[in-house]
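Enquirer: Structure supplied as structure_17.tsv; contents: TSV, C-alpha atoms.
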```tsv
chain	number	residue	atom	x	y	z
F	10	MET	CA	3.38	-73.86	-108.39
F	11	SER	CA	3.64	-76.10	-111.35
F	12	PHE	CA	5.38	-73.61	-113.64
F	13	LEU	CA	8.62	-74.01	-111.69
F	14	ARG	CA	10.87	-76.96	-112.29
F	15	ARG	CA	14.44	-78.06	-111.88
F	16	ARG	CA	16.52	-77.41	-114.94
F	17	SER	CA	17.96	-80.48	-116.58
F	18	ALA	CA	21.42	-79.96	-117.94
F	19	SER	CA	24.65	-81.87	-117.63
F	20	THR	CA	26.79	-79.25	-115.85
F	21	PRO	CA	25.13	-75.85	-115.76
F	22	ALA	CA	27.28	-72.75	-115.45
F	23	GLY	CA	24.75	-71.29	-113.02
F	24	PRO	CA	22.07	-72.73	-110.75
F	25	ASP	CA	20.33	-75.97	-111.68
F	26	PHE	CA	16.97	-74.53	-110.64
F	27	ASP	CA	14.80	-71.72	-111.91
F	28	VAL	CA	15.38	-68.43	-110.14
F	29	LEU	CA	12.14	-66.69	-109.28
F	30	ALA	CA	12.49	-62.90	-109.09
F	31	MET	CA	11.50	-59.67	-110.81
F	32	ASP	CA	12.80	-59.26	-114.34
F	33	PRO	CA	15.72	-56.80	-114.31
F	34	GLY	CA	14.19	-55.07	-117.33
F	35	ASP	CA	11.11	-54.25	-115.24
F	36	TRP	CA	13.16	-52.68	-112.44
F	37	PRO	CA	14.23	-49.03	-112.82
F	38	GLY	CA	17.32	-49.26	-110.57
F	39	ASN	CA	20.55	-51.25	-110.47
F	40	LEU	CA	20.57	-55.03	-110.13
F	41	GLY	CA	23.25	-57.29	-108.69
F	42	ALA	CA	23.22	-61.07	-108.37
F	43	GLY	CA	25.19	-63.38	-106.15
F	44	LEU	CA	25.62	-67.15	-106.31
F	45	LEU	CA	26.34	-69.29	-103.25
F	46	PRO	CA	28.79	-71.99	-104.39
F	47	ALA	CA	29.25	-75.34	-102.64
F	48	PRO	CA	32.74	-76.91	-102.40
F	49	ASP	CA	31.82	-79.23	-105.30
F	50	GLY	CA	30.99	-76.23	-107.53
F	51	SER	CA	27.23	-76.68	-107.43
F	52	CYS	CA	25.01	-73.69	-106.77
F	53	GLN	CA	23.53	-73.61	-103.27
F	54	GLY	CA	21.45	-70.51	-103.85
F	55	VAL	CA	21.02	-67.25	-105.70
F	56	PHE	CA	20.21	-63.85	-104.32
F	57	LEU	CA	19.35	-60.76	-106.35
F	58	ARG	CA	19.92	-57.27	-104.98
F	59	TYR	CA	17.69	-54.52	-106.34
F	60	ASP	CA	18.94	-50.96	-105.80
F	61	LEU	CA	16.55	-48.05	-106.19
F	62	PHE	CA	18.61	-45.66	-104.13
F	63	GLY	CA	21.13	-44.66	-106.81
F	64	GLY	CA	24.07	-46.58	-105.37
F	65	ARG	CA	23.32	-45.69	-101.75
F	66	GLY	CA	22.13	-49.17	-100.88
F	67	PRO	CA	19.66	-51.84	-101.89
F	68	ALA	CA	15.92	-51.51	-101.59
F	69	MET	CA	15.27	-55.25	-101.81
F	70	ILE	CA	16.96	-58.63	-101.83
F	71	ILE	CA	15.25	-61.74	-103.24
F	72	GLY	CA	16.85	-65.08	-102.43
F	73	ASN	CA	16.25	-68.51	-103.93
F	74	LEU	CA	17.73	-71.28	-101.77
F	75	PRO	CA	17.28	-74.94	-102.79
F	76	GLU	CA	16.69	-77.74	-100.33
F	77	GLY	CA	19.96	-78.59	-98.57
F	78	SER	CA	21.47	-75.12	-98.92
F	79	PRO	CA	23.48	-74.28	-95.77
F	80	ALA	CA	22.10	-70.71	-95.92
F	81	ARG	CA	18.70	-72.17	-95.00
F	82	ASP	CA	20.06	-73.60	-91.73
F	83	ILE	CA	19.50	-70.82	-89.23
F	84	ALA	CA	19.02	-70.96	-85.48
F	85	GLU	CA	15.66	-70.32	-83.84
F	86	GLY	CA	15.00	-66.57	-83.78
F	87	GLU	CA	17.82	-65.80	-86.25
F	88	ALA	CA	16.97	-63.57	-89.22
F	89	PRO	CA	16.96	-65.16	-92.70
F	90	PHE	CA	20.13	-65.08	-94.82
F	91	GLU	CA	18.66	-62.40	-97.12
F	92	VAL	CA	18.05	-60.05	-94.18
F	93	ALA	CA	21.70	-60.43	-93.17
F	94	GLN	CA	22.75	-59.70	-96.79
F	95	LEU	CA	20.53	-56.60	-96.85
F	96	LEU	CA	22.03	-55.28	-93.61
F	97	ALA	CA	25.57	-56.01	-94.80
F	98	ALA	CA	24.93	-54.14	-98.07
F	99	LEU	CA	23.58	-51.19	-96.08
F	100	GLU	CA	26.65	-51.36	-93.80
F	101	ASP	CA	24.31	-51.73	-90.83
F	102	ASP	CA	25.74	-53.95	-88.10
F	103	GLU	CA	22.59	-53.98	-85.95
F	104	GLU	CA	21.65	-57.42	-84.68
F	105	VAL	CA	18.22	-58.32	-86.03
F	106	THR	CA	16.14	-61.18	-84.69
F	107	VAL	CA	12.82	-62.75	-85.63
F	108	ALA	CA	10.01	-61.54	-83.37
F	109	GLY	CA	7.32	-63.76	-84.92
F	110	THR	CA	5.78	-65.13	-88.11
F	111	GLU	CA	2.34	-65.13	-89.69
F	112	ASP	CA	1.12	-67.34	-92.58
F	113	VAL	CA	-0.99	-65.51	-95.18
F	114	PRO	CA	-2.59	-66.93	-98.36
F	115	VAL	CA	-1.70	-64.95	-101.50
F	116	MET	CA	-2.58	-65.55	-105.16
F	117	GLN	CA	0.21	-65.44	-107.76
F	118	GLY	CA	-1.56	-65.78	-111.08
F	119	ASP	CA	-3.45	-69.08	-110.80
F	120	ASN	CA	-1.28	-70.36	-107.96
F	121	LEU	CA	-2.05	-70.07	-104.26
F	122	LEU	CA	0.99	-69.28	-102.15
F	123	ILE	CA	1.17	-69.61	-98.40
F	124	VAL	CA	3.41	-66.66	-97.61
F	125	ARG	CA	5.14	-66.49	-94.25
F	126	ARG	CA	5.45	-62.87	-93.09
F	127	VAL	CA	8.52	-62.66	-90.87
F	128	LYS	CA	8.28	-59.98	-88.20
F	129	LEU	CA	11.73	-58.67	-87.26
F	130	SER	CA	13.17	-56.67	-84.39
F	131	GLN	CA	14.18	-53.96	-86.93
F	132	SER	CA	10.91	-52.38	-88.08
F	133	ARG	CA	12.44	-50.83	-91.22
F	134	ILE	CA	12.90	-54.30	-92.74
F	135	SER	CA	9.98	-56.19	-94.29
F	136	CYS	CA	10.50	-59.89	-94.92
F	137	VAL	CA	8.39	-62.65	-96.45
F	138	GLN	CA	9.12	-66.26	-97.40
F	139	PHE	CA	7.39	-69.00	-99.36
F	140	ASP	CA	8.26	-72.51	-100.51
F	141	ARG	CA	8.02	-73.42	-104.18
F	142	SER	CA	6.86	-76.77	-105.54
F	143	ASP	CA	10.50	-77.65	-106.37
F	144	ASN	CA	11.54	-77.16	-102.69
F	145	VAL	CA	13.31	-73.85	-103.32
F	146	LEU	CA	12.73	-71.32	-100.54
F	147	VAL	CA	12.11	-67.78	-101.80
F	148	THR	CA	12.80	-64.98	-99.33
F	149	ILE	CA	12.17	-61.30	-100.00
F	150	ALA	CA	13.73	-58.71	-97.69
F	151	SER	CA	12.95	-55.05	-98.25
F	152	TRP	CA	14.39	-51.91	-96.64
F	153	ASP	CA	11.98	-49.08	-95.80
F	154	ARG	CA	9.30	-50.46	-98.13
F	155	PRO	CA	6.38	-52.68	-97.16
F	156	ILE	CA	5.97	-55.86	-99.21
F	157	THR	CA	2.48	-55.80	-100.71
F	158	ASP	CA	0.55	-58.53	-102.54
F	159	ASP	CA	1.18	-56.67	-105.82
F	160	LEU	CA	4.83	-57.74	-105.69
F	161	TYR	CA	3.98	-61.43	-106.17
F	162	ALA	CA	2.46	-60.68	-109.60
F	163	LEU	CA	5.88	-59.36	-110.73
F	164	LEU	CA	7.76	-62.53	-109.77
F	165	LYS	CA	8.67	-64.91	-112.59
F	166	PRO	CA	11.43	-67.36	-113.50
F	167	LEU	CA	14.43	-65.52	-114.92
F	168	PRO	CA	16.21	-66.87	-118.02
F	169	ALA	CA	19.15	-69.20	-117.33
F	170	GLU	CA	21.39	-66.99	-119.50
F	171	LEU	CA	21.44	-64.37	-116.72
F	172	PHE	CA	23.50	-66.74	-114.57
F	173	GLN	CA	25.94	-68.23	-117.09
F	174	GLN	CA	29.60	-67.43	-116.76
F	175	GLY	CA	31.04	-65.60	-119.74
```
If you took the structure in this file and wrote it as structure tokens, what would it be?

Expert:
Amino acid sequence: MSFLRRRSASTPAGPDFDVLAMDPGDWPGNLGAGLLPAPDGSCQGVFLRYDLFGGRGPAMIIGNLPEGSPARDIAEGEAPFEVAQLLAALEDDEEVTVAGTEDVPVMQGDNLLIVRRVKLSQSRISCVQFDRSDNVLVTIASWDRPITDDLYALLKPLPAELFQQG
């Protein structure tokens, strides 16, 4: 995916990598974003929470975790970080585990993605993951909505200004 690249800046106020997600202007609900800071102040990941339920909980979380992010280090069978964030936002304390994975080829524009569909013990959660060319892991977790191939066409790098501190 050659259109993604690390940002080059001296000390960015937000992440030093492009965040791939749906443009907030294209989403009819509420949007929230969270940054995962490291002790040195660098950004160890970004997750965006899309809410279509009118404040009753998120419909989808999209995470972007660079190589070396501690949120990527999960035990065998443990659900991805974004699934845990989705459950926490829904105030659901059910333990969810990974029941299996399946690799599926998907086109995103002119780029071929190998998408890993993560099958979970909670059937109301859909989850997919793919690695970008800049070693950022993108994870999409959705509540009560299947993740279809149409979603990948909506993903694009968001402007850095969205993540700058004011």

Enquirer: Looking at F:Val115, F:Asp143, F:Leu167, F:Leu99, which one is nearest to Val55 (chain F), with distances taken over all atoms listed in the file?

Expert: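 Ranked by minimum distance to Val55 (chain F), first place goes to F:Leu167.
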
Enquirer: What is the distance between CA of Glu104 (chain F) and CA of Ser130 (chain F), in Å to one decimal?

Expert: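 Separating CA of Glu104 (chain F) from CA of Ser130 (chain F) is a distance of 8.5 Å.
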
Enquirer: One number please: CA of Asp27 (chain F) to CA of Pro166 (chain F), in Å, one decimal.

Expert: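 Value for the CA of Asp27 (chain F)-CA of Pro166 (chain F) distance: 5.7 Å.
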
Enquirer: What's the 6 Å shell around region 34-44 of chain F, counting all atoms listed in the file, without same-chain residues fewer than 3 positions away, as a PyMOL selection string?

Expert: chain F and resi 54-61

Enquirer: If you measure from CA of Val137 (chain F) to CA of Ile156 (chain F), what distance in Å do you get, rounded to one decimal?

Expert: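 One can read the CA of Val137 (chain F) to CA of Ile156 (chain F) distance as 7.7 Å.
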
Enquirer: For Glu103 (chain F), which of F:Thr148, F:Ser142, F:Gln53, F:Ser132 is the closest residue, counting only C-alpha atoms?

Expert: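 Nearest candidate to Glu103 (chain F) out of F:Thr148, F:Ser142, F:Gln53, F:Ser132: F:Ser132.
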